Number of protein chains: 2
Amino acid sequence: MVYNFSAGPAVLPKPVLERVQKELLNFNDTGMSILEISHRSPEFDAIMASAEQNLRTLMAIPDDYSVLFTQGGGSLAFSSVPMNFAHHKIALLDSGQWAKKAGKAAQKMGITVDTLSSTASQQYHTLPNLPVKIPADDYDYLHVTTNNTIEGLAFHQSDIDQLPKEWHLVADMSSNILAEPYDVSRYDVIFAGAQKNIAPAGLTIGIVKTALLDRVPDNVPEMMDWQLQISKNSMYNTPPVFDIYVANLVFEHLIAQGGVTAIYKHNQEQAARLYDYLDASTCFTAPVTKKNRSFTNIVFTTGDETKDQKIAVEATHAGLYYLGGHRSVGGLRASLYNAQTDDAITALIKFLQRYEGK
Amino acid sequence: MVYNFSAGPAVLPKPVLERVQKELLNFNDTGMSILEISHRSPEFDAIMASAEQNLRTLMAIPDDYSVLFTQGGGSLAFSSVPMNFAHHKIALLDSGQWAKKAGKAAQKMGITVDTLSSTASQQYHTLPNLPVKIPADDYDYLHVTTNNTIEGLAFHQSDIDQLPKEWHLVADMSSNILAEPYDVSRYDVIFAGAQKNIAPAGLTIGIVKTALLDRVPDNVPEMMDWQLQISKNSMYNTPPVFDIYVANLVFEHLIAQGGVTAIYKHNQEQAARLYDYLDASTCFTAPVTKKNRSFTNIVFTTGDETKDQKIAVEATHAGLYYLGGHRSVGGLRASLYNAQTDDAITALIKFLQRYEGK
């Protein structure tokens, strides 16, 4: 038995994988593989329509928002979102490396990026606060990374609710979309790479207040132009058919489980089991401030990088995969995305207890 | 029995699909699905290295060229290639709608595009010629579309060989890469969406003379920056793991079949069977000039759009899928990519003969 704690691409629901396998040579009795069907076919039209509708249901996306299925990951969105929706200056809350990277990518596109607050000097163990008295009007929007995969801290919706309403928000939800509830109506733009909670790598989700599409400038590359892409129903060119098909199966699976509210409860319980163990442990610490902790990426350490690395290797031998922290920060990290199993948490805690006992 | 003549996504080799299905829940005895493994894992490193090496072998890519696996399809390359490699002005041979689209996308990026020759007024039934006495030095490069999927005509390598050597060439090989031999050393840049001959939709191949990467300007979005992407071994961000895995299996399958020389012979034979039938038919015509005909996209018509549409529908009922021409031109089209079977050609010819007999 193998348990996969990868930060992404990551574990997918077993029933979805089994279904993909079962119908891989014959999708929906067409006699063709889903890998072979045309994106201009009625079969794929039905998948695309279903995927959008299911995502709208799961996230309660308001009618005045548009949904985009595209490619390039969060990293392409780091360029395309400012190219589409920033006109002179954006603000950033620096809550981790992915926030910083988003800012850098926007700057490369000629946009001024003001980092209003950063917790880099505290190793991102706590969320940055928005300083008071900064006029929101000075900025096209404020960029937030809802879940910081590398550092294991998150803006939960309750944190977002404390930001003054006059701020327009753009959220990178790559690593906790559909893992906890967010109020879509509070954001101008949401984007997320799919390879954590939704589908194999290669698909990116975009959600945008439709009225903003009128403001997209002319000089955006076609494949990055959200106005153009959405006007073509995400089929300006050939979309990643297989990824959208898997995404739709994952959405259906999630709806059958009770939707985001139910999975969030489950994710909180799983994370609590691991954090409770770590907090009580004499060997490991989880350094992130309790109320800012991520439910999807649990970061911890012995405080000794050599030991941490040894533990990650030993874990692999015990069937617990990808527990090493991000290469830029070291330490240990267990990713508990939606498809993570309770058995995996049990196995991980047992393994850490065994290590602690030695 | 169903035969798939889609222009892409398209038929993939059966043994590859069977292998994907077999190991979908357990890749390489890892106990994890290929859809779940980290792109930073030794398992994926091995796939990526193998895919690049196999592509180099199949296309005889010289050592001073770099290979890129990226996302966004040919359409993203329509913007990224001029952003990376054009500095003021490019030239275009307008051999079809995809050539035209490439030119339009470059213009949107502020590049001047001179269409040196076009056969639009002949419905693209023949290739455009490069006019003599145009100084190549005036242009950063000449864009050619080696295979025109919609119109069914191709620049074969012998046509390319007739272009004066001083022209720098950029080739969009989306619909016949690996289907016929091209001399890579004759091109500065080659790109191709993978969803015809290589893999499911979502992967794009880039091949570039390495020396050109030094000239990439600073203001290119990170995910479109070929210098950056190639310096990170196509893993600046999470690559489309599954597509690269399938691509590698297709490459291995093709090498085992004898490589591009062998598949080209096979493709020519298949295409000849269909063209010979069409040319002898009293009911159908294949309008493209013989020497310019594509081996991957065979375009034909009864001359009556209503009849053509009816035939495409009847064909579907007989298990012959996606024979309708591109929605912009109508008519009929059979795509015979590398994985197309001889049985499919036999079935198609029989179906057309039956129609002709009525």
# chains A, B, ... in the order shown; residues from 1 in each chain; ligands from 1
>>> interface_residues(of="chain A", to="chain B", cutoff="7 Å", atoms="only C-alpha atoms", output="short mmCIF file (atom, residue, chain, number, x, y, z; two decimals) with N, CA and C atoms, in the first residue's frame")
data_model
loop_
_atom_site.label_atom_id
_atom_site.label_comp_id
_atom_site.auth_asym_id
_atom_site.auth_seq_id
_atom_site.Cartn_x
_atom_site.Cartn_y
_atom_site.Cartn_z
N VAL A 2 0.54 2.17 -0.90
CA VAL A 2 1.33 3.39 -1.05
C VAL A 2 0.45 4.60 -0.76
N SER A 6 2.00 14.12 -2.21
CA SER A 6 2.57 15.11 -3.11
C SER A 6 1.78 16.43 -3.07
N GLY A 8 1.42 18.25 -5.52
CA GLY A 8 0.76 18.39 -6.82
C GLY A 8 1.73 18.25 -7.96
N PRO A 9 1.36 17.53 -9.02
CA PRO A 9 0.17 16.68 -9.16
C PRO A 9 0.02 15.76 -7.95
N ALA A 10 -1.22 15.44 -7.62
CA ALA A 10 -1.50 14.81 -6.34
C ALA A 10 -2.55 13.72 -6.48
N VAL A 11 -2.84 13.15 -5.33
CA VAL A 11 -3.79 12.03 -5.28
C VAL A 11 -5.16 12.45 -5.84
N LEU A 12 -5.75 11.58 -6.63
CA LEU A 12 -7.09 11.81 -7.19
C LEU A 12 -8.04 10.75 -6.62
N LEU A 17 -10.47 7.45 -10.83
CA LEU A 17 -9.40 6.77 -11.57
C LEU A 17 -9.90 5.44 -12.14
N GLN A 21 -10.08 4.45 -16.06
CA GLN A 21 -9.45 3.23 -16.58
C GLN A 21 -10.47 2.37 -17.34
N LEU A 24 -11.40 3.82 -20.74
CA LEU A 24 -10.33 4.47 -21.51
C LEU A 24 -10.33 4.08 -22.99
N LEU A 25 -10.72 2.86 -23.30
CA LEU A 25 -10.73 2.44 -24.71
C LEU A 25 -12.07 2.70 -25.39
N GLY A 31 -16.99 3.84 -28.90
CA GLY A 31 -15.99 3.01 -29.57
C GLY A 31 -14.66 3.72 -29.71
N LEU A 35 -9.27 10.04 -25.23
CA LEU A 35 -8.04 10.68 -25.70
C LEU A 35 -8.08 10.97 -27.20
N GLU A 36 -9.09 10.42 -27.87
CA GLU A 36 -9.13 10.52 -29.33
C GLU A 36 -10.30 11.35 -29.86
N ILE A 37 -11.25 11.72 -28.99
CA ILE A 37 -12.45 12.35 -29.56
C ILE A 37 -12.22 13.83 -29.85
N SER A 38 -12.89 14.29 -30.88
CA SER A 38 -12.77 15.68 -31.30
C SER A 38 -13.39 16.60 -30.26
N HIS A 39 -12.74 17.76 -30.06
CA HIS A 39 -13.32 18.76 -29.16
C HIS A 39 -14.52 19.46 -29.81
N GLN A 71 -5.25 26.62 -20.25
CA GLN A 71 -4.00 25.90 -20.04
C GLN A 71 -2.95 26.82 -19.39
N GLY A 72 -1.79 26.26 -19.11
CA GLY A 72 -0.65 27.08 -18.69
C GLY A 72 -0.44 27.18 -17.20
N SER A 75 0.97 29.73 -13.33
CA SER A 75 2.07 30.59 -13.80
C SER A 75 1.69 31.40 -15.03
N LEU A 76 0.92 30.82 -15.96
CA LEU A 76 0.49 31.63 -17.10
C LEU A 76 -0.51 32.69 -16.64
N SER A 79 0.80 36.01 -15.51
CA SER A 79 0.99 37.03 -16.55
C SER A 79 -0.34 37.45 -17.15
N ALA A 105 5.90 38.27 -11.96
CA ALA A 105 5.39 38.05 -13.33
C ALA A 105 4.62 39.28 -13.82
N LYS A 108 7.06 41.99 -14.80
CA LYS A 108 7.67 41.69 -16.10
C LYS A 108 6.77 42.21 -17.23
N MET A 109 5.47 42.29 -16.99
CA MET A 109 4.52 42.78 -17.98
C MET A 109 4.35 44.30 -17.92
N PRO A 200 -5.66 16.08 -13.65
CA PRO A 200 -4.22 16.00 -13.92
C PRO A 200 -3.68 17.38 -14.31
N ALA A 201 -2.38 17.55 -14.24
CA ALA A 201 -1.75 18.81 -14.63
C ALA A 201 -2.04 19.12 -16.09
N GLY A 202 -2.28 20.40 -16.39
CA GLY A 202 -2.51 20.81 -17.77
C GLY A 202 -3.79 21.61 -17.94
N ASN A 219 -3.91 44.30 -26.81
CA ASN A 219 -2.59 43.72 -27.08
C ASN A 219 -2.27 42.46 -26.28
N PRO A 221 -1.95 38.50 -25.91
CA PRO A 221 -1.85 37.34 -26.81
C PRO A 221 -3.18 36.55 -26.80
N GLU A 222 -3.57 36.06 -27.96
CA GLU A 222 -4.91 35.48 -28.11
C GLU A 222 -5.24 34.42 -27.07
N MET A 223 -4.29 33.53 -26.84
CA MET A 223 -4.57 32.43 -25.91
C MET A 223 -4.63 32.90 -24.46
N ASN A 237 -9.09 27.49 -29.20
CA ASN A 237 -8.35 26.41 -29.88
C ASN A 237 -8.68 25.11 -29.16
N THR A 238 -7.95 24.05 -29.46
CA THR A 238 -8.26 22.75 -28.87
C THR A 238 -8.00 22.78 -27.37
N PRO A 239 -9.02 22.58 -26.56
CA PRO A 239 -8.80 22.58 -25.11
C PRO A 239 -8.23 21.23 -24.66
N PRO A 240 -7.73 21.16 -23.43
CA PRO A 240 -7.20 19.88 -22.92
C PRO A 240 -8.37 18.94 -22.57
N VAL A 241 -8.83 18.24 -23.59
CA VAL A 241 -10.06 17.44 -23.51
C VAL A 241 -10.04 16.45 -22.32
#
>>> select_by_dssp(residues="range 64-119 of chain A", states="alpha helix (DSSP H)", output="MDAnalysis selection string")
chainID A and resid 73:85 97:108
>>> residues_around(residues="Gly303 in chain A", least_positions_apart="3", cutoff="8 Å", atoms="only C-alpha atoms", output="list in words")
Phe284, Thr285, Asp308 and Gly331 of chain A
>>> atom_distance(atom1="CA of Ala86 in chain B", atom2="CA of Leu130 in chain B")
19.6 Å
>>> atom_distance(atom1="CA of Ile198 in chain A", atom2="CA of Val250 in chain A")
6.2 Å
>>> residues_around(residues="range 215-217 of chain A", least_positions_apart="5", cutoff="7 Å", atoms="only C-alpha atoms", output="PyMOL selection string")
chain A and resi 84-85+227
>>> write_last_selection(atoms="N, CA, C and O atoms", output="compact mmCIF listing (two decimals), in the first residue's frame")
# COMPACT_ATOMS: atom_id res chain seq x y z
N ASN A 84 -4.77 41.19 -18.66
CA ASN A 84 -6.19 41.39 -18.93
C ASN A 84 -6.82 42.46 -18.05
O ASN A 84 -7.64 43.24 -18.51
N PHE A 85 -6.46 42.47 -16.76
CA PHE A 85 -7.28 43.22 -15.80
C PHE A 85 -6.55 44.31 -15.03
O PHE A 85 -7.17 45.03 -14.26
N GLN A 227 -11.26 37.59 -22.56
CA GLN A 227 -12.48 38.02 -23.26
C GLN A 227 -12.70 37.10 -24.47
O GLN A 227 -13.79 36.55 -24.65
>>> closest_residue(among="A:Ser175, A:Ala211, A:Ala256, A:Asp225", to="Pro82 in chain A", atoms="only C-alpha atoms")
A:Asp225
>>> residues_around(residues="Ile160 in chain A", least_positions_apart="6", cutoff="9 Å", atoms="only C-alpha atoms", output="list in words")
Thr146, Tyr182 and Arg186 of chain A
>>> write_last_selection(atoms="N, CA, C and O atoms", output="tab-separated table (two decimals), in the first residue's frame")
chain	number	residue	atom	x	y	z
A	146	THR	N	-4.73	32.39	-1.81
A	146	THR	CA	-5.54	31.90	-0.68
A	146	THR	C	-4.83	30.81	0.09
A	146	THR	O	-4.95	30.74	1.31
A	182	TYR	N	-15.16	29.36	-0.44
A	182	TYR	CA	-14.85	30.78	-0.64
A	182	TYR	C	-16.07	31.43	-1.28
A	182	TYR	O	-16.76	30.80	-2.09
A	186	ARG	N	-17.07	37.81	-3.65
A	186	ARG	CA	-16.13	38.76	-3.05
A	186	ARG	C	-14.91	39.02	-3.94
A	186	ARG	O	-14.10	39.88	-3.64
>>> select_by_dssp(residues="range 13-223 of chain B", states="strand (DSSP E)", output="ChimeraX atom specification")
/B:65-70,89-94,112-118,142-145,147-148,153-154,169-172,189-193,204-209
>>> closest_residue(among="B:Tyr337, B:Phe191, B:Phe27, B:Tyr245", to="Asp45 in chain B", atoms="only C-alpha atoms")
B:Tyr245
>>> closest_residue(among="A:Asp342, A:Gln268, A:Tyr139, A:Leu127", to="Ile111 in chain A", atoms="only C-alpha atoms")
A:Tyr139
>>> closest_residue(among="B:Gly357, B:Pro135, B:Gly325, B:Pro181", to="Gly152 in chain B", atoms="only C-alpha atoms")
B:Gly325
